[in-house]
Structures are given as structure tokens and as C-alpha cells.
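A.B. asks: Hey, dropping upload-v4.tsv in here, TSV, C-alpha atoms and all ligand atoms:
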chain	number	residue	atom	x	y	z
L	1	MET	CA	2.70	1.39	-24.06
L	2	THR	CA	0.01	2.47	-21.58
L	3	PRO	CA	-0.29	-0.08	-18.77
L	4	THR	CA	-3.66	-1.25	-17.46
L	5	ILE	CA	-4.16	-2.02	-13.79
L	6	THR	CA	-7.12	-3.67	-12.09
L	7	ALA	CA	-9.04	-2.20	-9.15
L	8	PHE	CA	-12.28	-2.83	-7.29
L	9	ALA	CA	-15.41	-1.58	-9.06
L	10	HIS	CA	-16.85	-0.91	-5.56
L	11	SER	CA	-13.92	-0.71	-3.20
L	12	PRO	CA	-14.63	-1.87	0.36
L	13	ASP	CA	-12.24	0.85	1.58
L	14	GLY	CA	-14.93	3.46	0.84
L	15	GLY	CA	-12.59	5.51	-1.33
L	16	ARG	CA	-10.01	6.00	1.43
L	17	GLY	CA	-7.18	4.78	-0.80
L	18	LEU	CA	-6.44	1.72	1.33
L	19	ALA	CA	-6.96	-0.98	-1.31
L	20	ARG	CA	-3.68	-1.99	-2.88
L	21	ASP	CA	-4.27	-0.46	-6.29
L	22	MET	CA	-3.49	2.84	-4.50
L	23	ARG	CA	0.23	1.96	-4.27
L	24	VAL	CA	0.39	1.23	-7.95
L	25	ARG	CA	-1.57	4.36	-8.89
L	26	TRP	CA	0.74	6.49	-6.73
L	27	ALA	CA	3.89	4.95	-8.26
L	28	LEU	CA	2.55	5.52	-11.78
L	29	GLU	CA	1.69	9.13	-10.92
L	30	GLU	CA	5.17	9.73	-9.45
L	31	ALA	CA	6.65	8.27	-12.65
L	32	GLY	CA	4.44	10.50	-14.84
L	33	GLN	CA	3.18	7.35	-16.55
L	34	PRO	CA	-0.41	7.47	-17.86
L	35	TYR	CA	-2.41	4.29	-17.17
L	36	SER	CA	-5.85	2.87	-17.55
L	37	VAL	CA	-7.91	0.94	-15.03
L	38	ARG	CA	-10.09	-2.12	-15.46
L	39	TYR	CA	-12.68	-2.14	-12.65
L	40	LEU	CA	-13.72	-5.57	-11.40
L	41	SER	CA	-16.45	-6.88	-9.09
L	42	PHE	CA	-15.64	-9.50	-6.43
L	43	ALA	CA	-17.26	-12.09	-8.74
L	44	ASP	CA	-15.06	-10.98	-11.67
L	45	LEU	CA	-11.96	-11.62	-9.51
L	46	LYS	CA	-12.84	-15.30	-9.24
L	47	GLU	CA	-13.51	-15.87	-12.96
L	48	PRO	CA	-11.17	-18.38	-14.65
L	49	GLY	CA	-10.01	-15.71	-17.11
L	50	TYR	CA	-8.88	-13.45	-14.30
L	51	TYR	CA	-7.13	-16.30	-12.44
L	52	ALA	CA	-4.97	-16.64	-15.57
L	53	GLN	CA	-3.82	-13.09	-14.86
L	54	HIS	CA	-3.72	-13.19	-11.06
L	55	PRO	CA	-3.23	-16.60	-9.41
L	56	PHE	CA	-5.04	-15.51	-6.22
L	57	GLY	CA	-7.91	-13.67	-7.91
L	58	GLN	CA	-7.15	-10.30	-6.32
L	59	ILE	CA	-6.52	-6.71	-7.26
L	60	PRO	CA	-4.22	-5.17	-8.34
L	61	SER	CA	-2.81	-6.74	-11.47
L	62	TYR	CA	-0.82	-4.94	-14.16
L	63	GLU	CA	-0.69	-5.47	-17.92
L	64	GLU	CA	1.80	-3.82	-20.23
L	65	GLY	CA	2.04	-5.41	-23.67
L	66	ASP	CA	3.07	-9.04	-23.13
L	67	LEU	CA	3.87	-8.47	-19.47
L	68	VAL	CA	1.27	-9.46	-16.88
L	69	LEU	CA	2.17	-8.90	-13.22
L	70	PHE	CA	0.50	-9.37	-9.86
L	71	GLU	CA	1.52	-8.42	-6.26
L	72	SER	CA	1.47	-4.71	-5.57
L	73	GLY	CA	5.10	-4.72	-4.36
L	74	ALA	CA	6.36	-6.41	-7.52
L	75	ILE	CA	4.33	-4.05	-9.71
L	76	VAL	CA	5.64	-0.99	-7.88
L	77	LEU	CA	9.21	-2.33	-8.16
L	78	HIS	CA	8.74	-2.87	-11.90
L	79	ILE	CA	7.58	0.73	-12.31
L	80	ALA	CA	10.38	2.07	-10.10
L	81	GLN	CA	13.08	0.21	-12.02
L	82	GLN	CA	12.25	2.31	-15.06
L	83	HIS	CA	12.24	5.66	-13.27
L	84	ALA	CA	15.38	6.88	-11.51
L	85	GLN	CA	13.38	9.38	-9.45
L	86	LEU	CA	11.69	6.44	-7.72
L	87	LEU	CA	14.72	4.23	-7.05
L	88	PRO	CA	18.33	5.48	-7.06
L	89	GLU	CA	20.66	4.22	-9.78
L	90	ASP	CA	23.68	3.73	-7.49
L	91	PRO	CA	23.74	-0.08	-6.92
L	92	ASN	CA	24.11	0.07	-3.13
L	93	ALA	CA	21.46	2.76	-2.73
L	94	ARG	CA	19.15	0.78	-5.02
L	95	ALA	CA	19.71	-2.41	-2.98
L	96	ARG	CA	18.91	-0.51	0.22
L	97	GLY	CA	15.79	0.94	-1.41
L	98	ILE	CA	14.60	-2.53	-2.38
L	99	ALA	CA	15.36	-3.81	1.14
L	100	TRP	CA	13.02	-1.11	2.50
L	101	MET	CA	10.33	-2.17	0.02
L	102	PHE	CA	10.56	-5.70	1.44
L	103	ALA	CA	10.58	-4.25	4.96
L	104	ALA	CA	7.38	-2.33	4.25
L	105	LEU	CA	5.56	-5.45	3.05
L	106	ASN	CA	7.24	-8.18	5.13
L	107	SER	CA	8.11	-6.50	8.45
L	108	ILE	CA	5.82	-3.50	8.90
L	109	GLU	CA	2.62	-4.51	7.12
L	110	PRO	CA	2.04	-7.99	8.69
L	111	PRO	CA	1.41	-6.87	12.32
L	112	ILE	CA	-0.65	-3.88	11.07
L	113	TRP	CA	-2.74	-6.05	8.77
L	114	GLU	CA	-3.25	-8.76	11.41
L	115	TRP	CA	-4.50	-6.15	13.88
L	116	THR	CA	-6.75	-4.56	11.23
L	117	MET	CA	-8.29	-7.89	10.22
L	118	ALA	CA	-8.91	-8.75	13.89
L	119	THR	CA	-10.79	-5.49	14.43
L	120	VAL	CA	-12.98	-6.26	11.42
L	121	LEU	CA	-13.54	-9.98	11.88
L	122	GLU	CA	-13.17	-10.86	15.57
L	123	SER	CA	-14.99	-8.17	17.55
L	124	ASP	CA	-17.77	-10.58	18.58
L	125	GLN	CA	-15.33	-13.08	20.15
L	126	SER	CA	-15.05	-13.39	23.94
L	127	TRP	CA	-11.24	-13.15	23.71
L	128	TYR	CA	-11.33	-10.08	21.43
L	129	GLU	CA	-10.04	-7.49	23.94
L	130	GLN	CA	-7.23	-9.73	25.16
L	131	ARG	CA	-6.02	-10.50	21.65
L	132	GLN	CA	-6.42	-6.87	20.60
L	133	HIS	CA	-4.00	-5.90	23.35
L	134	ILE	CA	-1.42	-8.43	22.10
L	135	LEU	CA	-1.83	-7.37	18.46
L	136	GLN	CA	-1.62	-3.66	19.30
L	137	GLU	CA	1.60	-4.23	21.23
L	138	ARG	CA	3.08	-5.96	18.17
L	139	VAL	CA	2.11	-2.98	16.01
L	140	ARG	CA	3.57	-0.55	18.58
L	141	ALA	CA	6.83	-2.50	18.69
L	142	ARG	CA	7.29	-2.14	14.93
L	143	LEU	CA	6.20	1.51	14.89
L	144	GLU	CA	8.60	2.29	17.73
L	145	GLN	CA	11.50	0.73	15.81
L	146	PHE	CA	10.66	2.49	12.57
L	147	SER	CA	10.05	5.77	14.40
L	148	ARG	CA	13.56	5.55	15.88
L	149	ARG	CA	15.07	4.74	12.46
L	150	LEU	CA	13.30	7.62	10.71
L	151	GLY	CA	13.94	10.14	13.49
L	152	GLN	CA	13.31	13.66	12.22
L	153	ALA	CA	14.32	12.87	8.62
L	154	ASP	CA	11.86	13.65	5.85
L	155	TRP	CA	12.41	10.33	4.08
L	156	ILE	CA	14.15	6.99	4.69
L	157	GLU	CA	17.11	8.10	2.54
L	158	ASP	CA	18.00	11.61	1.36
L	159	GLN	CA	15.36	11.67	-1.38
L	160	PHE	CA	11.78	10.41	-1.53
L	161	SER	CA	11.75	6.97	-3.14
L	162	VAL	CA	9.46	4.06	-3.74
L	163	SER	CA	10.54	2.73	-0.32
L	164	ASP	CA	8.78	5.69	1.31
L	165	LEU	CA	5.82	5.19	-1.01
L	166	LEU	CA	5.31	1.61	0.20
L	167	VAL	CA	5.97	2.31	3.89
L	168	ILE	CA	3.54	5.25	3.81
L	169	THR	CA	0.79	3.25	2.11
L	170	VAL	CA	1.22	0.63	4.85
L	171	LEU	CA	1.19	3.19	7.71
L	172	ARG	CA	-1.93	4.81	6.22
L	173	ILE	CA	-3.87	1.66	7.21
L	174	LEU	CA	-3.54	3.00	10.80
L	175	LYS	CA	-4.62	6.55	10.04
L	176	GLU	CA	-8.00	6.22	11.67
L	177	SER	CA	-6.67	4.50	14.78
L	178	THR	CA	-4.90	6.22	17.67
L	179	LEU	CA	-1.82	4.04	17.13
L	180	LEU	CA	-0.15	6.15	14.46
L	181	ALA	CA	-0.78	9.37	16.42
L	182	GLU	CA	1.35	7.96	19.24
L	183	TYR	CA	4.37	8.55	16.96
L	184	PRO	CA	4.32	12.21	15.84
L	185	ASN	CA	7.27	11.77	13.47
L	186	LEU	CA	5.43	8.93	11.70
L	187	SER	CA	2.18	10.93	11.47
L	188	ALA	CA	4.18	13.79	9.95
L	189	TYR	CA	5.92	11.37	7.55
L	190	VAL	CA	2.56	10.05	6.32
L	191	ALA	CA	1.28	13.63	5.94
L	192	ARG	CA	4.39	14.51	3.87
L	193	GLY	CA	3.68	11.60	1.55
L	194	GLU	CA	0.02	12.55	1.23
L	195	ALA	CA	0.98	16.14	0.39
L	196	ARG	CA	2.86	15.05	-2.74
L	197	PRO	CA	1.01	16.05	-5.92
L	198	ALA	CA	1.34	12.49	-7.29
L	199	PHE	CA	-0.31	11.06	-4.17
L	200	LYS	CA	-3.15	13.57	-4.47
L	201	ARG	CA	-3.76	12.65	-8.11
L	202	ALA	CA	-3.76	8.92	-7.31
L	203	PHE	CA	-6.07	9.44	-4.33
L	204	ALA	CA	-8.46	11.59	-6.37
L	205	ALA	CA	-8.58	8.97	-9.15
L	206	GLN	CA	-9.44	6.07	-6.82
L	207	PHE	CA	-11.92	8.25	-4.91
L	208	ALA	CA	-13.62	9.32	-8.14
L	209	ALA	CA	-13.92	5.68	-9.14
L	210	PHE	CA	-15.47	4.86	-5.75
L	211	THR	CA	-18.01	7.65	-5.99
L	212	GLY	CA	-18.88	6.65	-9.53
L	213	GLN	CA	-17.54	9.78	-11.19
L	214	VAL	CA	-15.33	7.76	-13.50
L	215	PRO	CA	-16.97	5.32	-15.91
L	216	ALA	CA	-15.52	1.80	-15.74
L	217	ASP	CA	-13.37	0.91	-18.77
F	1	LIG	N1	-0.21	-9.35	-1.55
F	1	LIG	C1	-1.19	-8.83	-2.50
F	1	LIG	C2	-0.71	-7.49	-3.07
F	1	LIG	O1	-0.04	-6.75	-2.35
F	1	LIG	O2	-1.00	-7.22	-4.25
F	1	LIG	C3	-2.50	-8.68	-1.76
F	1	LIG	C4	-3.61	-8.20	-2.69
F	1	LIG	C5	-4.91	-8.06	-1.93
F	1	LIG	O3	-5.00	-8.31	-0.71
F	1	LIG	N2	-5.94	-7.64	-2.65
F	1	LIG	C6	-7.24	-7.49	-2.04
F	1	LIG	C7	-8.27	-8.28	-2.83
F	1	LIG	O4	-8.25	-8.33	-4.04
F	1	LIG	C8	-7.65	-6.00	-2.09
F	1	LIG	S1	-6.46	-4.92	-1.32
F	1	LIG	N3	-9.21	-8.90	-2.12
F	1	LIG	C9	-10.28	-9.63	-2.73
F	1	LIG	C10	-10.13	-11.11	-2.59
F	1	LIG	O5	-9.08	-11.57	-2.07
F	1	LIG	O6	-11.05	-11.80	-3.03
F	1	LIG	C11	-6.70	-5.38	0.44
F	1	LIG	C12	-7.71	-4.46	1.09
F	1	LIG	C13	-9.04	-4.81	1.12
F	1	LIG	C14	-9.96	-3.96	1.77
F	1	LIG	C15	-9.50	-2.80	2.36
F	1	LIG	N4	-10.44	-1.94	3.03
F	1	LIG	O7	-11.66	-2.23	3.03
F	1	LIG	O8	-10.06	-0.92	3.62
F	1	LIG	C16	-8.16	-2.46	2.32
F	1	LIG	C17	-7.26	-3.30	1.67
Just give me the structure of the file as C-alpha cells.

C.D. replies:
Amino acid sequence: MTPTITAFAHSPDGGRGLARDMRVRWALEEAGQPYSVRYLSFADLKEPGYYAQHPFGQIPSYEEGDLVLFESGAIVLHIAQQHAQLLPEDPNARARGIAWMFAALNSIEPPIWEWTMATVLESDQSWYEQRQHILQERVRARLEQFSRRLGQADWIEDQFSVSDLLVITVLRILKESTLLAEYPNLSAYVARGEARPAFKRAFAAQFAAFTGQVPAD
């Protein structure tokens, strides 16, 4: 059955693949799973019908027959569980892979997201520069730790997996800042992820939707 995901009709990320449907699109492309997209406005997200599908009225959601899912991490895990190339079958390797998925969303993303939101929402505050410094140091601390863990390896484990997919989508939030460039191995890791054909297809699809080249379903 072809799954349907939801995405922004007019993404505030400007087609840079930063909205969280990108993770799901990339996972589906890696899995070779065709999908369709339902494009929603901000007003559509807060309609009662959509709340029945997503309790927080956000994108992305995922529908596959009777199954309705929300939370990009849970959706990506669901996809990965059906495709051995995305998550190893060996139980210990699979558990480690899932731990890294949680790490991406619970340990790496929070300081990055907090810093990003501050740059967008707080720049007119008198304490902006001082808080920016604190938030940037928190981001650097996490990047430093992950940079040490990754070292010169291509991927977190021997093979690319959905753990890399989530960590890379999180690190991409920093692409336009100087923070990621301070860690050449992490910049190279992100570039390796972006060079994957499945990433390119997912990026092109969300970009085409942003530029209006794809009609909404
Ligand atoms: N934890 C949830 C998940 O991972 O699925 C979070 C989902 C989420 O934050 N969705 C956002 C949303 O629907 C879009 S992705 N927001 C609308 C609302 O809450 O009403 C977050 C996002 C937004 C904008 C950019 N950007 O402009 O670059 C990047 C990412």
C-alpha cells in the first residue's frame, strides 16, 4: 500500500529541506518505497479533522492503510523496521541503531533547535548576544562530542543506516551557520549524506513542491 505523508503547502524553510517531512521523504527514498504527499496550509494543520491524525497539528504525519502515525522519528523508525538496508537485523546492532535515532532527536537536536529558534525569535532582545553565546556553546559541546565519536568514519556504524539519516537531517539545520564548519569531519559527513541518490530525490521532491512545480494532491 502506498503511504501518504503530509507536508507544508508553502514551507517556511524556503525549499531547503529543513522541515521534518524531509526525513520521512529521505527514508522512503532509501527504502525504494513510492509515496504520495498531502500538502497542507498552516490553517489546515489546526483543523479538527487533522488533529484527529496529528495531536499537535503539525507536519509530518503518515498514513498507510489503517495505520496513522505522527512524529518524524517514529515514522522513520516504522519505515526502517521494514527495510534491512536502513536498520541492521542483528538485534544488538539494531538496538544501537535505534539508540542513535533517539540520540539524534533527544541529545543532538535540542541544543541546535533552541539556538535556531533564538536566532529567529529573539534577535530584538537586549540580552540576545549574551544568550546566543550560551546557546552556541551548548551546540559546540554536542558537536565536539559527536565529532570525536564519528572520527574519520564514513558512518556511525559500518554501513549507512537510518541513524545517520536522522543525525544528518539534524546537523543540516546548522548548514548555513559557521558552527558546523568548525568540525570538518561533520561537514564532510553531512555532505556524504547529501550525496546519496535517495537524499537528492527527496530534496528535489520537496524543493519542487516549494517552487510550485508539483501540483498538490
Ligand atoms: N517532533 C515533531 C516531529 O519530529 O515530527 C515536530 C514536528 C514539527 O515541528 N513540525 C513543524 C510544524 O508542523 C514543521 S517542521 N509546525 C507548524 C505548527 O506547529 O503549527 C519544523 C520546522 C519548521 C520550519 C523550518 N524552517 O523554516 O526552516 C524548519 C523546521

A.B. asks: Quick one: residues within 12 Å of (13.6, 5.9, -9.7) (file frame), counting all atoms listed in the file, please, as a PyMOL selection string.

C.D. replies: chain L and resi 27-28+30-32+76-90+93-94+97-98+159-163+165

A.B. asks: Please produce an output containing C-alpha atoms for each residue in the selection, written as a short mmCIF file (atom, residue, chain, number, x, y, z; two decimals), in the coordinates of the input.

C.D. replies:
data_model
loop_
_atom_site.label_atom_id
_atom_site.label_comp_id
_atom_site.auth_asym_id
_atom_site.auth_seq_id
_atom_site.Cartn_x
_atom_site.Cartn_y
_atom_site.Cartn_z
CA ALA L 27 3.89 4.95 -8.26
CA LEU L 28 2.55 5.52 -11.78
CA GLU L 30 5.17 9.73 -9.45
CA ALA L 31 6.65 8.27 -12.65
CA GLY L 32 4.44 10.50 -14.84
CA VAL L 76 5.64 -0.99 -7.88
CA LEU L 77 9.21 -2.33 -8.16
CA HIS L 78 8.74 -2.87 -11.90
CA ILE L 79 7.58 0.73 -12.31
CA ALA L 80 10.38 2.07 -10.10
CA GLN L 81 13.08 0.21 -12.02
CA GLN L 82 12.25 2.31 -15.06
CA HIS L 83 12.24 5.66 -13.27
CA ALA L 84 15.38 6.88 -11.51
CA GLN L 85 13.38 9.38 -9.45
CA LEU L 86 11.69 6.44 -7.72
CA LEU L 87 14.72 4.23 -7.05
CA PRO L 88 18.33 5.48 -7.06
CA GLU L 89 20.66 4.22 -9.78
CA ASP L 90 23.68 3.73 -7.49
CA ALA L 93 21.46 2.76 -2.73
CA ARG L 94 19.15 0.78 -5.02
CA GLY L 97 15.79 0.94 -1.41
CA ILE L 98 14.60 -2.53 -2.38
CA GLN L 159 15.36 11.67 -1.38
CA PHE L 160 11.78 10.41 -1.53
CA SER L 161 11.75 6.97 -3.14
CA VAL L 162 9.46 4.06 -3.74
CA SER L 163 10.54 2.73 -0.32
CA LEU L 165 5.82 5.19 -1.01
#

A.B. asks: Closest to ligand LIG 1 (chain F) among L:Pro184, L:Gly65, L:Gly57, L:Pro34, using only C-alpha atoms and all ligand atoms?

C.D. replies: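 Under the stated criterion, the closest residue is L:Gly57.
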
A.B. asks: Could you list the protein, DNA and RNA residues that have any atom within 6 Å of ligand LIG 1 (chain F), counting only C-alpha atoms and all ligand atoms, and write them as a list of chain:residue names?

C.D. replies: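 Sorted by chain and then by number, the residues are L:Pro12, L:Asp13, L:Leu18, L:Ala19, L:Arg20, L:Gln58, L:Ile59, L:Pro60, L:Glu71, L:Ser72, L:Gly73.
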
A.B. asks: What gap, in Å, lies between atom CA of Ile5 of chain L and atom CA of Tyr35 of chain L?

C.D. replies: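 The value is 7.4 Å.
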
A.B. asks: Would you please work out which residue, of L:Leu143, L:Ile168, L:Val37, L:Thr2, is nearest to Ile156 of chain L when using all atoms listed in the file?

C.D. replies: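 Residue with the minimum atom-to-atom distance to Ile156 of chain L: L:Ile168.
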
A.B. asks: For a test of reading the model, state the distance in Å between atom CA of Leu166 of chain L and atom CA of His133 of chain L, rounded to one decimal.

C.D. replies: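 Atom CA of Leu166 of chain L sits 26.1 Å away from atom CA of His133 of chain L.
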
A.B. asks: For Ser123 of chain L, find every residue with an atom within 10 Å (counting all atoms listed in the file), except residues of its own chain fewer than 6 positions away, and show them as JSON, numbers by chain.

C.D. replies: {"L": [117, 129, 132]}

A.B. asks: Calculate how many Å separate atom CA of Thr178 of chain L from atom CA of Ser11 of chain L, rounding to one decimal.

C.D. replies: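 The value is 23.8 Å.
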
A.B. asks: So, counting only C-alpha atoms, which residue among L:Thr211, L:Asn185, L:Thr4, L:Ser36 is closest to Arg149 of chain L?

C.D. replies: L:Asn185
